[in-house]
$ cat my_file-v6.pdb   # PDB, C-alpha atoms
ATOM      1  CA  MET A 272     -11.141  92.760 -56.030  1.00  0.00           C
ATOM      2  CA  GLU A 273     -13.898  92.878 -53.432  1.00  0.00           C
ATOM      3  CA  ILE A 274     -13.970  91.084 -50.104  1.00  0.00           C
ATOM      4  CA  SER A 275     -16.825  90.560 -47.687  1.00  0.00           C
ATOM      5  CA  THR A 276     -16.633  88.758 -44.360  1.00  0.00           C
ATOM      6  CA  LYS A 277     -19.463  86.916 -42.661  1.00  0.00           C
ATOM      7  CA  GLU A 278     -18.965  85.810 -39.087  1.00  0.00           C
ATOM      8  CA  MET A 279     -20.789  82.627 -38.167  1.00  0.00           C
ATOM      9  CA  LYS A 280     -20.795  80.763 -34.881  1.00  0.00           C
ATOM     10  CA  ARG A 281     -17.780  78.585 -35.550  1.00  0.00           C
ATOM     11  CA  VAL A 282     -16.582  79.768 -38.946  1.00  0.00           C
ATOM     12  CA  SER A 283     -15.632  82.976 -40.734  1.00  0.00           C
ATOM     13  CA  LEU A 284     -16.643  83.078 -44.389  1.00  0.00           C
ATOM     14  CA  LEU A 285     -14.523  85.342 -46.560  1.00  0.00           C
ATOM     15  CA  THR A 286     -16.109  85.887 -49.979  1.00  0.00           C
ATOM     16  CA  VAL A 287     -13.705  87.259 -52.583  1.00  0.00           C
ATOM     17  CA  SER A 288     -14.359  88.374 -56.154  1.00  0.00           C
ATOM     18  CA  GLY A 289     -12.220  89.704 -59.004  1.00  0.00           C
ATOM     19  CA  ARG A 290      -8.457  89.465 -59.382  1.00  0.00           C
ATOM     20  CA  ILE A 291      -6.100  88.539 -56.540  1.00  0.00           C
ATOM     21  CA  ASP A 292      -2.787  89.797 -57.910  1.00  0.00           C
ATOM     22  CA  SER A 293       0.151  91.869 -56.630  1.00  0.00           C
ATOM     23  CA  SER A 294      -2.077  94.939 -56.659  1.00  0.00           C
ATOM     24  CA  THR A 295      -4.853  93.476 -54.505  1.00  0.00           C
ATOM     25  CA  ALA A 296      -3.087  90.749 -52.481  1.00  0.00           C
ATOM     26  CA  PRO A 297      -2.150  93.168 -49.642  1.00  0.00           C
ATOM     27  CA  ASP A 298      -5.878  93.764 -48.960  1.00  0.00           C
ATOM     28  CA  PHE A 299      -6.589  90.033 -49.169  1.00  0.00           C
ATOM     29  CA  ASP A 300      -3.728  89.423 -46.751  1.00  0.00           C
ATOM     30  CA  LYS A 301      -5.040  92.071 -44.358  1.00  0.00           C
ATOM     31  CA  ALA A 302      -8.534  90.539 -44.344  1.00  0.00           C
ATOM     32  CA  LEU A 303      -7.164  87.068 -43.567  1.00  0.00           C
ATOM     33  CA  GLN A 304      -4.743  88.255 -40.907  1.00  0.00           C
ATOM     34  CA  SER A 305      -7.322  90.412 -39.141  1.00  0.00           C
ATOM     35  CA  LEU A 306      -9.521  87.310 -38.675  1.00  0.00           C
ATOM     36  CA  ILE A 307      -6.581  85.283 -37.368  1.00  0.00           C
ATOM     37  CA  ASN A 308      -5.506  88.095 -35.037  1.00  0.00           C
ATOM     38  CA  ALA A 309      -9.039  88.078 -33.625  1.00  0.00           C
ATOM     39  CA  ASN A 310      -8.684  84.311 -32.980  1.00  0.00           C
ATOM     40  CA  ARG A 311     -11.113  83.521 -35.790  1.00  0.00           C
ATOM     41  CA  THR A 312      -8.929  80.743 -37.188  1.00  0.00           C
ATOM     42  CA  GLN A 313     -11.624  78.556 -38.807  1.00  0.00           C
ATOM     43  CA  ILE A 314     -11.835  80.256 -42.163  1.00  0.00           C
ATOM     44  CA  ILE A 315     -13.561  79.448 -45.435  1.00  0.00           C
ATOM     45  CA  VAL A 316     -12.508  81.500 -48.462  1.00  0.00           C
ATOM     46  CA  ASP A 317     -15.248  81.404 -51.078  1.00  0.00           C
ATOM     47  CA  MET A 318     -13.539  81.810 -54.459  1.00  0.00           C
ATOM     48  CA  LYS A 319     -16.496  81.342 -56.793  1.00  0.00           C
ATOM     49  CA  ASP A 320     -16.049  84.805 -58.323  1.00  0.00           C
ATOM     50  CA  VAL A 321     -12.240  84.957 -58.225  1.00  0.00           C
ATOM     51  CA  GLU A 322     -11.166  85.469 -61.842  1.00  0.00           C
ATOM     52  CA  TYR A 323      -7.447  85.178 -61.235  1.00  0.00           C
ATOM     53  CA  LEU A 324      -5.102  84.110 -58.427  1.00  0.00           C
ATOM     54  CA  SER A 325      -1.413  84.966 -58.756  1.00  0.00           C
ATOM     55  CA  SER A 326       1.570  83.857 -56.691  1.00  0.00           C
ATOM     56  CA  ALA A 327       1.042  86.964 -54.526  1.00  0.00           C
ATOM     57  CA  GLY A 328      -2.435  85.691 -53.606  1.00  0.00           C
ATOM     58  CA  LEU A 329      -1.039  82.211 -52.953  1.00  0.00           C
ATOM     59  CA  ARG A 330       1.522  83.782 -50.627  1.00  0.00           C
ATOM     60  CA  SER A 331      -1.339  85.309 -48.594  1.00  0.00           C
ATOM     61  CA  LEU A 332      -3.160  81.964 -48.441  1.00  0.00           C
ATOM     62  CA  VAL A 333      -0.029  80.054 -47.390  1.00  0.00           C
ATOM     63  CA  SER A 334       0.781  82.610 -44.713  1.00  0.00           C
ATOM     64  CA  ALA A 335      -2.813  82.481 -43.430  1.00  0.00           C
ATOM     65  CA  VAL A 336      -3.047  78.685 -43.348  1.00  0.00           C
ATOM     66  CA  LYS A 337       0.210  78.483 -41.382  1.00  0.00           C
ATOM     67  CA  SER A 338      -1.071  80.979 -38.794  1.00  0.00           C
ATOM     68  CA  ALA A 339      -4.549  79.449 -38.658  1.00  0.00           C
ATOM     69  CA  LYS A 340      -3.238  75.908 -38.155  1.00  0.00           C
ATOM     70  CA  SER A 341      -0.851  76.991 -35.436  1.00  0.00           C
ATOM     71  CA  GLY A 342      -3.896  78.496 -33.681  1.00  0.00           C
ATOM     72  CA  GLY A 343      -5.844  75.236 -33.995  1.00  0.00           C
ATOM     73  CA  GLY A 344      -7.848  76.249 -37.072  1.00  0.00           C
ATOM     74  CA  ASP A 345      -7.565  75.961 -40.838  1.00  0.00           C
ATOM     75  CA  VAL A 346      -8.142  77.874 -44.075  1.00  0.00           C
ATOM     76  CA  ARG A 347     -10.314  75.932 -46.532  1.00  0.00           C
ATOM     77  CA  LEU A 348     -11.354  76.956 -50.028  1.00  0.00           C
ATOM     78  CA  SER A 349     -14.853  76.865 -51.466  1.00  0.00           C
ATOM     79  CA  GLN A 350     -15.882  76.796 -55.141  1.00  0.00           C
ATOM     80  CA  PRO A 351     -12.467  77.453 -56.705  1.00  0.00           C
ATOM     81  CA  SER A 352     -12.688  77.887 -60.478  1.00  0.00           C
ATOM     82  CA  LYS A 353     -10.870  75.643 -62.943  1.00  0.00           C
ATOM     83  CA  ARG A 354      -8.157  78.311 -63.247  1.00  0.00           C
ATOM     84  CA  VAL A 355      -7.693  78.666 -59.476  1.00  0.00           C
ATOM     85  CA  ARG A 356      -7.463  74.869 -59.153  1.00  0.00           C
ATOM     86  CA  GLU A 357      -4.877  74.836 -61.929  1.00  0.00           C
ATOM     87  CA  VAL A 358      -2.736  77.428 -60.133  1.00  0.00           C
ATOM     88  CA  MET A 359      -2.995  75.549 -56.809  1.00  0.00           C
ATOM     89  CA  ASP A 360      -1.992  72.369 -58.594  1.00  0.00           C
ATOM     90  CA  LEU A 361       0.945  74.035 -60.350  1.00  0.00           C
ATOM     91  CA  ALA A 362       2.212  75.299 -56.984  1.00  0.00           C
ATOM     92  CA  GLY A 363       1.787  71.848 -55.411  1.00  0.00           C
ATOM     93  CA  LEU A 364      -0.655  73.217 -52.841  1.00  0.00           C
ATOM     94  CA  ASN A 365      -3.549  70.818 -53.373  1.00  0.00           C
ATOM     95  CA  SER A 366      -2.357  68.672 -50.481  1.00  0.00           C
ATOM     96  CA  ILE A 367      -2.160  71.681 -48.135  1.00  0.00           C
ATOM     97  CA  PHE A 368      -5.605  73.172 -48.798  1.00  0.00           C
ATOM     98  CA  THR A 369      -8.922  71.341 -48.656  1.00  0.00           C
ATOM     99  CA  LEU A 370     -11.111  72.369 -51.584  1.00  0.00           C
ATOM    100  CA  TYR A 371     -14.907  72.145 -51.640  1.00  0.00           C
ATOM    101  CA  ASP A 372     -17.312  72.506 -54.568  1.00  0.00           C
ATOM    102  CA  ASP A 373     -20.228  73.125 -52.220  1.00  0.00           C
ATOM    103  CA  PRO A 374     -20.049  76.170 -49.879  1.00  0.00           C
ATOM    104  CA  VAL A 375     -22.475  74.585 -47.397  1.00  0.00           C
ATOM    105  CA  GLU A 376     -20.266  71.536 -47.164  1.00  0.00           C
ATOM    106  CA  ALA A 377     -17.231  73.799 -46.731  1.00  0.00           C
ATOM    107  CA  VAL A 378     -18.805  75.682 -43.813  1.00  0.00           C
ATOM    108  CA  GLY A 379     -20.049  72.413 -42.286  1.00  0.00           C
ATOM    109  CA  SER A 380     -16.567  70.887 -42.445  1.00  0.00           C
ATOM    110  CA  PHE A 381     -15.501  72.656 -39.239  1.00  0.00           C
TER     111      PHE A 381
ATOM    112  CA  MET B 180       4.095  89.599 -89.038  1.00  0.00           C
ATOM    113  CA  GLN B 181       1.543  90.873 -86.526  1.00  0.00           C
ATOM    114  CA  LYS B 182       3.170  92.608 -83.550  1.00  0.00           C
ATOM    115  CA  TYR B 183       1.465  94.335 -80.652  1.00  0.00           C
ATOM    116  CA  GLN B 184       3.037  96.797 -78.203  1.00  0.00           C
ATOM    117  CA  LEU B 185       1.981  98.306 -74.889  1.00  0.00           C
ATOM    118  CA  VAL B 186       3.829 100.796 -72.684  1.00  0.00           C
ATOM    119  CA  VAL B 187       2.506 101.249 -69.147  1.00  0.00           C
ATOM    120  CA  PRO B 188       3.781 102.795 -65.913  1.00  0.00           C
ATOM    121  CA  GLY B 189       5.496 100.241 -63.672  1.00  0.00           C
ATOM    122  CA  ARG B 190       2.717 100.141 -61.097  1.00  0.00           C
ATOM    123  CA  PHE B 191       0.699  97.240 -59.714  1.00  0.00           C
ATOM    124  CA  GLU B 192      -2.425  99.069 -60.895  1.00  0.00           C
ATOM    125  CA  SER B 193      -1.253  98.447 -64.472  1.00  0.00           C
ATOM    126  CA  LEU B 194      -1.544  94.651 -64.094  1.00  0.00           C
ATOM    127  CA  PRO B 195      -5.222  94.311 -65.208  1.00  0.00           C
ATOM    128  CA  GLN B 196      -4.492  96.456 -68.297  1.00  0.00           C
ATOM    129  CA  ILE B 197      -1.476  94.267 -69.077  1.00  0.00           C
ATOM    130  CA  ALA B 198      -3.620  91.111 -68.714  1.00  0.00           C
ATOM    131  CA  ASP B 199      -6.258  92.535 -71.091  1.00  0.00           C
ATOM    132  CA  PHE B 200      -3.613  93.515 -73.652  1.00  0.00           C
ATOM    133  CA  VAL B 201      -1.948  90.085 -73.540  1.00  0.00           C
ATOM    134  CA  GLY B 202      -5.322  88.302 -73.697  1.00  0.00           C
ATOM    135  CA  GLN B 203      -6.392  90.231 -76.786  1.00  0.00           C
ATOM    136  CA  ALA B 204      -3.048  89.856 -78.553  1.00  0.00           C
ATOM    137  CA  VAL B 205      -2.720  86.119 -77.884  1.00  0.00           C
ATOM    138  CA  ARG B 206      -6.319  85.438 -78.972  1.00  0.00           C
ATOM    139  CA  GLN B 207      -5.761  87.578 -82.068  1.00  0.00           C
ATOM    140  CA  VAL B 208      -2.937  85.317 -83.228  1.00  0.00           C
ATOM    141  CA  GLY B 209      -5.137  82.268 -82.758  1.00  0.00           C
ATOM    142  CA  PHE B 210      -3.988  80.571 -79.554  1.00  0.00           C
ATOM    143  CA  GLU B 211      -6.326  78.359 -77.489  1.00  0.00           C
ATOM    144  CA  GLU B 212      -7.910  79.676 -74.270  1.00  0.00           C
ATOM    145  CA  ASP B 213      -5.707  77.489 -72.034  1.00  0.00           C
ATOM    146  CA  ASP B 214      -2.613  78.979 -73.685  1.00  0.00           C
ATOM    147  CA  VAL B 215      -4.062  82.496 -73.368  1.00  0.00           C
ATOM    148  CA  PHE B 216      -4.428  81.989 -69.600  1.00  0.00           C
ATOM    149  CA  HIS B 217      -0.926  80.536 -69.266  1.00  0.00           C
ATOM    150  CA  VAL B 218       0.661  83.450 -71.135  1.00  0.00           C
ATOM    151  CA  GLN B 219      -1.387  86.013 -69.170  1.00  0.00           C
ATOM    152  CA  MET B 220      -0.252  84.459 -65.905  1.00  0.00           C
ATOM    153  CA  ALA B 221       3.421  84.262 -66.912  1.00  0.00           C
ATOM    154  CA  VAL B 222       3.349  87.930 -67.992  1.00  0.00           C
ATOM    155  CA  ASP B 223       1.540  88.991 -64.799  1.00  0.00           C
ATOM    156  CA  GLU B 224       4.191  87.264 -62.677  1.00  0.00           C
ATOM    157  CA  ALA B 225       7.005  88.753 -64.783  1.00  0.00           C
ATOM    158  CA  CYS B 226       5.630  92.308 -64.549  1.00  0.00           C
ATOM    159  CA  SER B 227       5.014  91.943 -60.802  1.00  0.00           C
ATOM    160  CA  ASN B 228       8.672  90.952 -60.424  1.00  0.00           C
ATOM    161  CA  VAL B 229       9.765  93.968 -62.496  1.00  0.00           C
ATOM    162  CA  ILE B 230       7.825  96.364 -60.257  1.00  0.00           C
ATOM    163  CA  GLU B 231       8.828  94.698 -57.005  1.00  0.00           C
ATOM    164  CA  HIS B 232      12.467  93.814 -57.728  1.00  0.00           C
ATOM    165  CA  ALA B 233      13.857  95.626 -60.798  1.00  0.00           C
ATOM    166  CA  TYR B 234      12.188  98.941 -59.881  1.00  0.00           C
ATOM    167  CA  GLY B 235      12.159  98.256 -56.132  1.00  0.00           C
ATOM    168  CA  GLY B 236       8.620  99.604 -55.857  1.00  0.00           C
ATOM    169  CA  GLU B 237       6.040 101.486 -57.841  1.00  0.00           C
ATOM    170  CA  CYS B 238       6.411 104.549 -60.098  1.00  0.00           C
ATOM    171  CA  SER B 239      10.104 104.073 -60.901  1.00  0.00           C
ATOM    172  CA  GLY B 240       9.771 103.586 -64.662  1.00  0.00           C
ATOM    173  CA  ASP B 241       7.760 102.140 -67.512  1.00  0.00           C
ATOM    174  CA  ILE B 242       7.215  98.577 -68.657  1.00  0.00           C
ATOM    175  CA  THR B 243       7.245  97.960 -72.416  1.00  0.00           C
ATOM    176  CA  LEU B 244       5.608  94.793 -73.714  1.00  0.00           C
ATOM    177  CA  THR B 245       5.669  93.413 -77.220  1.00  0.00           C
ATOM    178  CA  CYS B 246       3.804  90.382 -78.402  1.00  0.00           C
ATOM    179  CA  GLY B 247       3.985  88.729 -81.818  1.00  0.00           C
ATOM    180  CA  LEU B 248       4.495  85.574 -83.835  1.00  0.00           C
ATOM    181  CA  GLU B 249       7.879  84.379 -85.003  1.00  0.00           C
ATOM    182  CA  GLN B 250       8.739  81.607 -87.447  1.00  0.00           C
ATOM    183  CA  GLY B 251       5.085  81.420 -88.337  1.00  0.00           C
ATOM    184  CA  SER B 252       3.705  79.994 -85.144  1.00  0.00           C
ATOM    185  CA  ASP B 253       5.771  80.650 -82.008  1.00  0.00           C
ATOM    186  CA  LEU B 254       4.418  83.399 -79.778  1.00  0.00           C
ATOM    187  CA  VAL B 255       7.216  85.685 -78.582  1.00  0.00           C
ATOM    188  CA  ILE B 256       6.670  88.141 -75.727  1.00  0.00           C
ATOM    189  CA  THR B 257       9.266  90.669 -74.637  1.00  0.00           C
ATOM    190  CA  ILE B 258       9.076  92.682 -71.416  1.00  0.00           C
ATOM    191  CA  ARG B 259      11.479  95.596 -71.028  1.00  0.00           C
ATOM    192  CA  ASP B 260      12.253  97.747 -67.995  1.00  0.00           C
ATOM    193  CA  THR B 261      14.967 100.203 -67.057  1.00  0.00           C
ATOM    194  CA  GLY B 262      15.406  98.994 -63.487  1.00  0.00           C
ATOM    195  CA  CYS B 263      18.173  97.111 -61.689  1.00  0.00           C
ATOM    196  CA  PRO B 264      19.614  94.044 -63.411  1.00  0.00           C
ATOM    197  CA  PHE B 265      17.689  90.884 -62.654  1.00  0.00           C
ATOM    198  CA  GLU B 266      19.753  87.776 -61.952  1.00  0.00           C
ATOM    199  CA  PRO B 267      17.538  84.714 -62.369  1.00  0.00           C
ATOM    200  CA  GLU B 268      20.257  82.393 -61.100  1.00  0.00           C
ATOM    201  CA  SER B 269      19.964  84.123 -57.706  1.00  0.00           C
ATOM    202  CA  VAL B 270      16.385  82.835 -57.363  1.00  0.00           C
ATOM    203  CA  SER B 271      16.231  79.230 -56.225  1.00  0.00           C
ATOM    204  CA  GLU B 272      13.365  76.999 -57.235  1.00  0.00           C
ATOM    205  CA  PRO B 273      10.812  76.728 -54.433  1.00  0.00           C
ATOM    206  CA  PRO B 274      10.574  73.315 -52.742  1.00  0.00           C
ATOM    207  CA  LEU B 275       7.159  71.915 -53.641  1.00  0.00           C
ATOM    208  CA  GLY B 276       5.277  69.019 -52.108  1.00  0.00           C
ATOM    209  CA  VAL B 277       6.839  69.661 -48.686  1.00  0.00           C
ATOM    210  CA  ASP B 278       5.167  69.868 -45.279  1.00  0.00           C
ATOM    211  CA  LEU B 279       3.300  73.036 -44.414  1.00  0.00           C
ATOM    212  CA  GLU B 280       5.951  74.356 -42.015  1.00  0.00           C
ATOM    213  CA  ASP B 281       8.631  74.041 -44.726  1.00  0.00           C
ATOM    214  CA  LEU B 282       6.487  75.650 -47.406  1.00  0.00           C
ATOM    215  CA  PRO B 283       7.990  78.897 -48.712  1.00  0.00           C
ATOM    216  CA  GLU B 284       5.745  81.942 -48.944  1.00  0.00           C
ATOM    217  CA  GLY B 285       7.604  83.408 -51.926  1.00  0.00           C
ATOM    218  CA  GLY B 286       9.677  82.493 -54.977  1.00  0.00           C
ATOM    219  CA  LEU B 287       6.784  81.093 -56.981  1.00  0.00           C
ATOM    220  CA  GLY B 288       6.627  83.803 -59.659  1.00  0.00           C
ATOM    221  CA  LEU B 289       9.726  82.758 -61.618  1.00  0.00           C
ATOM    222  CA  TYR B 290       8.808  79.089 -61.139  1.00  0.00           C
ATOM    223  CA  PHE B 291       5.376  79.737 -62.709  1.00  0.00           C
ATOM    224  CA  MET B 292       6.939  81.616 -65.633  1.00  0.00           C
ATOM    225  CA  ARG B 293       9.250  78.671 -66.335  1.00  0.00           C
ATOM    226  CA  LYS B 294       6.415  76.127 -66.051  1.00  0.00           C
ATOM    227  CA  LEU B 295       3.881  78.051 -68.139  1.00  0.00           C
ATOM    228  CA  MET B 296       6.124  79.117 -71.038  1.00  0.00           C
ATOM    229  CA  ASP B 297       8.264  76.971 -73.333  1.00  0.00           C
ATOM    230  CA  ASP B 298      11.327  79.176 -73.121  1.00  0.00           C
ATOM    231  CA  ILE B 299      12.387  82.217 -71.091  1.00  0.00           C
ATOM    232  CA  SER B 300      15.602  84.233 -71.198  1.00  0.00           C
ATOM    233  CA  PHE B 301      16.858  87.371 -69.478  1.00  0.00           C
ATOM    234  CA  GLN B 302      19.233  89.962 -70.885  1.00  0.00           C
ATOM    235  CA  PHE B 303      20.596  93.136 -69.325  1.00  0.00           C
ATOM    236  CA  ASP B 304      22.532  95.974 -70.822  1.00  0.00           C
ATOM    237  CA  PRO B 305      23.303  99.226 -69.019  1.00  0.00           C
ATOM    238  CA  LYS B 306      21.762 101.375 -71.769  1.00  0.00           C
ATOM    239  CA  ASN B 307      18.439  99.605 -72.315  1.00  0.00           C
ATOM    240  CA  GLY B 308      17.978  97.776 -69.004  1.00  0.00           C
ATOM    241  CA  ASN B 309      16.379  94.352 -68.642  1.00  0.00           C
ATOM    242  CA  THR B 310      14.755  92.451 -71.486  1.00  0.00           C
ATOM    243  CA  LEU B 311      12.849  89.295 -70.685  1.00  0.00           C
ATOM    244  CA  THR B 312      11.930  87.172 -73.709  1.00  0.00           C
ATOM    245  CA  MET B 313       9.352  84.419 -73.290  1.00  0.00           C
ATOM    246  CA  VAL B 314       8.260  81.963 -75.981  1.00  0.00           C
ATOM    247  CA  LYS B 315       5.058  79.921 -76.143  1.00  0.00           C
ATOM    248  CA  ARG B 316       4.694  77.276 -78.833  1.00  0.00           C
ATOM    249  CA  ARG B 317       1.277  76.600 -80.255  1.00  0.00           C
ATOM    250  CA  SER B 318      -0.380  73.497 -78.743  1.00  0.00           C
ATOM    251  CA  SER B 319      -0.591  70.787 -81.379  1.00  0.00           C
TER     252      SER B 319
END
$ encode --input "my_file-v6.pdb" --output "structure tokens"
Amino acid sequence: MEISTKEMKRVSLLTVSGRIDSSTAPDFDKALQSLINANRTQIIVDMKDVEYLSSAGLRSLVSAVKSAKSGGGDVRLSQPSKRVREVMDLAGLNSIFTLYDDPVEAVGSF
Amino acid sequence: MQKYQLVVPGRFESLPQIADFVGQAVRQVGFEEDDVFHVQMAVDEACSNVIEHAYGGECSGDITLTCGLEQGSDLVITIRDTGCPFEPESVSEPPLGVDLEDLPEGGLGLYFMRKLMDDISFQFDPKNGNTLTMVKRRSS
């Protein structure tokens, strides 16, 4: 898994690629929490190149969205693959996270 | 009957290798891509639980996987470890469709395994440890 962070005026864009599983979720978690700890609570996670998202990755996302919302922000997902959407759906999280097909629209949503 | 076996150290780093092994084996016996993904995910969640709970962390023992067809068409996967006994009844099903503040951050792994596979069962004996057997029936 690789993560890059781009700080924009109002939004932080976290671009993730590869597998988010029990092996890599701690790094994913760290990247999300370090933004929230720095009061960057308006976060887009671009998942275009995420091959796999396990329950460990979902745990990181749920923890981050709780913290971000309590700080007045949100965590929104951009370009999730069919498989990522399927996992979100299976976990009943589609009503918690806003999903965007277009990254520009995702960034502009804040 | 075709049967495939993999033995790997019980470490999170082994998870991609396990996913590749399961993907190849399940494709080899002719399952559809959706089923391949579902089995890979169920096995990934199961092996993560073994490392985290049965072994209580990494490097405590091996994980042995077997994958094959039974009764002509059912895919049967077994996952063996020599860790602590796993008691599935101690894991409650996560509440889904609840408000954000009530949303649990864990407990989804076993729920996914049950949703993605047609049958799962756990056995423990002091000599051989835990054996998880999961069955996936071919989509008609």
$ residues_around --input "my_file-v6.pdb" --residues "Asp317 (chain A)" --least-positions-apart "5" --cutoff "7 Å" --atoms "all atoms listed in the file" --output "number ranges by chain"
A: 285-287, 348-350
$ closest_atom_pairs --input "my_file-v6.pdb" --of "chain A" --to "chain B" --cutoff "9 Å" --atoms "all atoms listed in the file" --output "tab-separated table"
residue	atom	partner	partner_atom	distance
A:Arg290	CA	B:Pro195	CA	8.2
A:Asp292	CA	B:Leu194	CA	8.0
A:Ser293	CA	B:Phe191	CA	6.2
A:Ser294	CA	B:Phe191	CA	4.7
A:Thr295	CA	B:Phe191	CA	8.5
A:Tyr323	CA	B:Met220	CA	8.6
A:Leu324	CA	B:Met220	CA	8.9
A:Ser325	CA	B:Glu224	CA	7.2
A:Ser326	CA	B:Gly288	CA	5.9
A:Ala327	CA	B:Gly285	CA	7.9
A:Leu329	CA	B:Glu284	CA	7.9
A:Arg330	CA	B:Glu284	CA	4.9
A:Ser331	CA	B:Glu284	CA	7.9
A:Leu332	CA	B:Glu284	CA	8.9
A:Val333	CA	B:Glu284	CA	6.3
A:Ser334	CA	B:Glu284	CA	6.6
A:Val336	CA	B:Leu279	CA	8.6
A:Lys337	CA	B:Leu279	CA	7.0
A:Arg354	CA	B:Phe216	CA	8.2
A:Val358	CA	B:Phe291	CA	8.8
A:Leu361	CA	B:Phe291	CA	7.6
A:Ala362	CA	B:Leu275	CA	6.9
A:Gly363	CA	B:Gly276	CA	5.6
A:Leu364	CA	B:Gly276	CA	7.3
A:Ser366	CA	B:Gly276	CA	7.8
A:Ile367	CA	B:Leu279	CA	6.7
$ resolve_selection --input "my_file-v6.pdb" --expression "the PyMOL selection byres ((chain B and resi 249-253) around 8)" --output "list in words"
Met180, Gly247, Leu248, Leu254, Val255, Val314, Lys315, Arg316 and Arg317 of chain B
$ resolve_selection --input "my_file-v6.pdb" --expression "the PyMOL selection byres ((chain A and resi 280) around 12)" --output "VMD selection string"
chain A and resid 277 to 279 281 to 284 311 313 to 314 378 to 379 381
$ write_last_selection --input "my_file-v6.pdb" --atoms "C-alpha atoms" --output "compact mmCIF listing (two decimals), in the coordinates of the input"
# COMPACT_ATOMS: atom_id res chain seq x y z
CA LYS A 277 -19.46 86.92 -42.66
CA GLU A 278 -18.96 85.81 -39.09
CA MET A 279 -20.79 82.63 -38.17
CA ARG A 281 -17.78 78.58 -35.55
CA VAL A 282 -16.58 79.77 -38.95
CA SER A 283 -15.63 82.98 -40.73
CA LEU A 284 -16.64 83.08 -44.39
CA ARG A 311 -11.11 83.52 -35.79
CA GLN A 313 -11.62 78.56 -38.81
CA ILE A 314 -11.84 80.26 -42.16
CA VAL A 378 -18.80 75.68 -43.81
CA GLY A 379 -20.05 72.41 -42.29
CA PHE A 381 -15.50 72.66 -39.24
$ build_atoms --input "my_file-v6.pdb" --residues "region 197-201 of chain B" --atoms "all heavy atoms" --output "PDB file, keeping the file's coordinate frame"
ATOM      1  N   ILE B 197      -2.443  95.157 -68.424  1.00  0.00           N
ATOM      2  CA  ILE B 197      -1.476  94.267 -69.077  1.00  0.00           C
ATOM      3  C   ILE B 197      -2.144  92.929 -69.421  1.00  0.00           C
ATOM      4  O   ILE B 197      -1.986  92.398 -70.528  1.00  0.00           O
ATOM      5  CB  ILE B 197      -0.240  94.057 -68.160  1.00  0.00           C
ATOM      6  CG1 ILE B 197       0.556  95.364 -68.054  1.00  0.00           C
ATOM      7  CG2 ILE B 197       0.641  92.919 -68.665  1.00  0.00           C
ATOM      8  CD1 ILE B 197       1.642  95.366 -66.984  1.00  0.00           C
ATOM      9  N   ALA B 198      -2.937  92.402 -68.474  1.00  0.00           N
ATOM     10  CA  ALA B 198      -3.620  91.111 -68.714  1.00  0.00           C
ATOM     11  C   ALA B 198      -4.589  91.225 -69.887  1.00  0.00           C
ATOM     12  O   ALA B 198      -4.670  90.320 -70.725  1.00  0.00           O
ATOM     13  CB  ALA B 198      -4.354  90.669 -67.450  1.00  0.00           C
ATOM     14  N   ASP B 199      -5.319  92.343 -69.974  1.00  0.00           N
ATOM     15  CA  ASP B 199      -6.258  92.535 -71.091  1.00  0.00           C
ATOM     16  C   ASP B 199      -5.516  92.608 -72.424  1.00  0.00           C
ATOM     17  O   ASP B 199      -5.920  92.004 -73.415  1.00  0.00           O
ATOM     18  CB  ASP B 199      -7.068  93.831 -70.901  1.00  0.00           C
ATOM     19  CG  ASP B 199      -8.108  93.680 -69.807  1.00  0.00           C
ATOM     20  OD1 ASP B 199      -8.396  92.529 -69.411  1.00  0.00           O
ATOM     21  OD2 ASP B 199      -8.632  94.710 -69.342  1.00  0.00           O
ATOM     22  N   PHE B 200      -4.410  93.369 -72.428  1.00  0.00           N
ATOM     23  CA  PHE B 200      -3.613  93.515 -73.652  1.00  0.00           C
ATOM     24  C   PHE B 200      -3.085  92.154 -74.118  1.00  0.00           C
ATOM     25  O   PHE B 200      -3.210  91.784 -75.299  1.00  0.00           O
ATOM     26  CB  PHE B 200      -2.439  94.475 -73.387  1.00  0.00           C
ATOM     27  CG  PHE B 200      -1.336  94.396 -74.408  1.00  0.00           C
ATOM     28  CD1 PHE B 200      -1.463  95.015 -75.643  1.00  0.00           C
ATOM     29  CD2 PHE B 200      -0.167  93.684 -74.137  1.00  0.00           C
ATOM     30  CE1 PHE B 200      -0.453  94.929 -76.589  1.00  0.00           C
ATOM     31  CE2 PHE B 200       0.850  93.594 -75.071  1.00  0.00           C
ATOM     32  CZ  PHE B 200       0.706  94.220 -76.306  1.00  0.00           C
ATOM     33  N   VAL B 201      -2.517  91.395 -73.186  1.00  0.00           N
ATOM     34  CA  VAL B 201      -1.948  90.085 -73.540  1.00  0.00           C
ATOM     35  C   VAL B 201      -3.057  89.148 -74.017  1.00  0.00           C
ATOM     36  O   VAL B 201      -2.914  88.451 -75.036  1.00  0.00           O
ATOM     37  CB  VAL B 201      -1.188  89.482 -72.330  1.00  0.00           C
ATOM     38  CG1 VAL B 201      -0.784  88.036 -72.595  1.00  0.00           C
ATOM     39  CG2 VAL B 201       0.043  90.312 -72.011  1.00  0.00           C
TER      40      VAL B 201
END
